[in-house]
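Working notes for the structure below.
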Amino acid sequence: MSIVWIPQVLRAQTGGNKQIDLAGASVGELVTGLVEQYPSLRGQLLTDDGELNRFVNVYVNGQDVRYLNGLATPVEARDEVRLLPAMAGG
Amino acid sequence: MPRTYADLLREARETIREVTPQDVNALSPGAATVIDVREASEWEQGHLPGAVHISKSYVEQQVEAAVPDKDSEVILYCAGGVRSLFAAQTLEQLGYTNVASMKSGFQGWKSAGLPWEAPVVLSSEQKQRYSRHLLIPEVGAAGQQRLLESKALLIGAGGLGSPAALYLAAAGVGTIGIVDFDVVDLSNLQRQILHTNDRIGERKVDSARKTIEALNPDVKVVTHEEMLLTDNVDRIINGYDVIIDGTDTFETRYLLNDAAVAKGITVIHASVFRFEGQLTTFIPYEGPCYRCLYPTPPPPELAPGCSVAGVLGVVPGIMGMLQANEALKVLLGIGDTLAGRLLLFDALDSTFTELKLRRDPACPVCSTDAAAARAAGRPLPIPSFAAAGATSSTGGTFTLGGQA
């Protein structure tokens with residue numbers, strides 16, 4: 001199981017859950033599992049084509065998956081995955 | 001049998017290695033730490049370039065912080081070469097193994113026609129006001145003078161801008177510009193600590209000026225009571241050394257980013273949402289820019305601002321102070337900034353998390369191609385806001401709001 005951290009701005013879609021343990025071999029599998037569990041997250045995370053939205057960054061153990069293998073980036077048990085949307089509040 | 005001054009001096013001369021001003025001048029920069037052990041009033045009249053000042057009366061207390069490596073070469077000097085001999089003995093007692101005293105001291109140095117410099121002299125009031133800075137070797141009088149000559153621009157005198165402005169003003173940043181077109185509202189006072197109850201309805205830039213001037217009269221406050229827009233952004237940010245981004249809209253953040261990258265000005269970025277904050281420092285061409293981090297803004301319904309979502313007042317307080325910390329390091333040229341790192345703060349867990357950021361080689365603003373195109377007078381097209389997805393599915397668009 002990998003640990004997926006949900007930022008506050010997306011937590012309304014996860015029933016307030018901040019940390020979700022998910023099984024999957026890649027970032028894509030984790031995201032698929034996540035949106036199956038919380039369907040209202042889909043629009044925030046993915047484009048209509050199933051790609052990651054450009055305003056949401058995904059980090060695996062602190063590294064941006066855009067500079068790894070995107071959704072194909074492999075994940076292992078206990079990897080820490082963070083979803084990070086842009087925030088504007090000041 | 002009690003010894004005389006002459007005895008002590010002879011003993012010191014017999015044991016301490018002495019070097020000439022010419023020897024010291026011939027050293028390559030950084031080869032040795034040169035310490036001026038005269039009194040502060042003498043140091044202020046002039047000293048060797050690159051020397052560190054530790055009065056003889058503070059040598060025992062301060063030298064280990066200034067020179068942690070006791071096997072490195074240390075050269076002491078005073079006015080004529082006597083006090084430095086005695087101070088050198090003290091260093092040897094402390095275990096320094098490579099200590100020398102400069103013969104004939106600063107007088108000999110000047111007589112030999114070697115270069116020297118006069119330190120920045122702060123007024124006696126400034127010495128008192130900034131005394132805690134002056135005690136830090138990384139700041140000192142030269143660093144304080146640098147701060148006094150620095151110009152910082154705050155975009156927004158709101159939740160982030162308030163603490164940043166207060167600490168930059170207290171630190172003696174000589175010019176603080178403030179961009180804000182809003183007026184003080186009662187709902188601002190839960191976190192926007194620049195403003196006060198009796199200023200509700202007053203222009204935020206005026207309220208900010210009053211607070212800053214009351215805190216530190218050394219600071220010149222420049223107010224820009226206008227919205228940051230495409231046609232004024234270059235004029236407003238021109239001449240500033242560092243910019244603190246404390247706005248509340250994506251549109252302003254992208255606009256600022258693009259203009260600051262083009263001008264090569266560092267932007268200290270922070271944003272907040274309820275109990276969470278994000279912080280990084282964008283140093284043009286050294287690290288990523290805002291468009292590298294977030295190529296496009298989210299639709300508005302997915303990214304509500306503080307006025308819609310709320311925020312724990314202390315969260316922008318903490319993030320704004322971290323912005324001030326970044327700005328001070330940039331201005332002083334010390335430490336490691338957050339360039340290339342995103343710091344996340346979670347107030348509920350009291351945790352900080354760090355993520356690695358990278359420059360996007362295809363960034364339309366800060367990539368090599370983008371810089372070359374700008375230099376050639378043909379800037380690369382930047383995705384417009386509507387095209388970038390700023391228009392929501394319900395047809396709503398971003399509004400240029402104030403700093404909430």
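By convention in this document, the chains of the structure tokens carry letters A, B, ... by their order, each chain's residues are numbered from 1, and ligands are numbered from 1 in the order they are shown.
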
- Item | Exercise answer, chain A residues close to chain B, 9 Å and only C-alpha atoms, as a PyMOL selection string | chain A and resi 7-10+44+53-57+59+61-64+67+85-90

- Mind checking which residues fall within 12 Å of Gly24 of chain A, counting only C-alpha atoms, ignoring those fewer than 6 positions away in the same chain, and posting them as a list in words? Met1, Ser2, Ile3, Val4, Leu30, Val31, Thr32, Gly33, Leu34, Leu71, Ala72, Thr73, Pro74, Val75, Glu76, Ala77, Arg78, Asp79 and Val81 of chain A

- Suppose you want the space between atom CA of Val314 of chain B and atom CA of Thr337 of chain B; what is it in Å? 22.6 Å

- Message: List as a list in words the protein and nucleic acid residues near Val261 of chain B, meaning an atom at most 10 Å away when only C-alpha atoms are counted, but skip any in the same chain fewer than 6 places from it.
- Response: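 Everything that qualifies: Val267, Phe282, Ile283, Pro284, Tyr285, Cys289, Tyr290, Val365, Cys366 and Ala371 of chain B.
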
- Closest to Gln128 of chain B among B:Ala262, B:Phe345, B:Ala141, B:Asp71, using only C-alpha atoms?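 Between B:Ala262, B:Phe345, B:Ala141, B:Asp71, the residue approaching Gln128 of chain B most closely is B:Ala141.
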
- Write out as number ranges by chain all residues of chain A that DSSP puts in helix (DSSP H, G or I) for this structure's backbone. A: 8-14, 27-37, 39-45, 65-67, 70-72

- Based on DSSP run over this structure's backbone, return all residues of segment 296-347 of chain B in strand (DSSP E), as number ranges by chain. B: 341-346

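Across the model, the gap from atom CA of Leu148 of chain B to atom CA of Gly172 of chain B is 5.5 Å.
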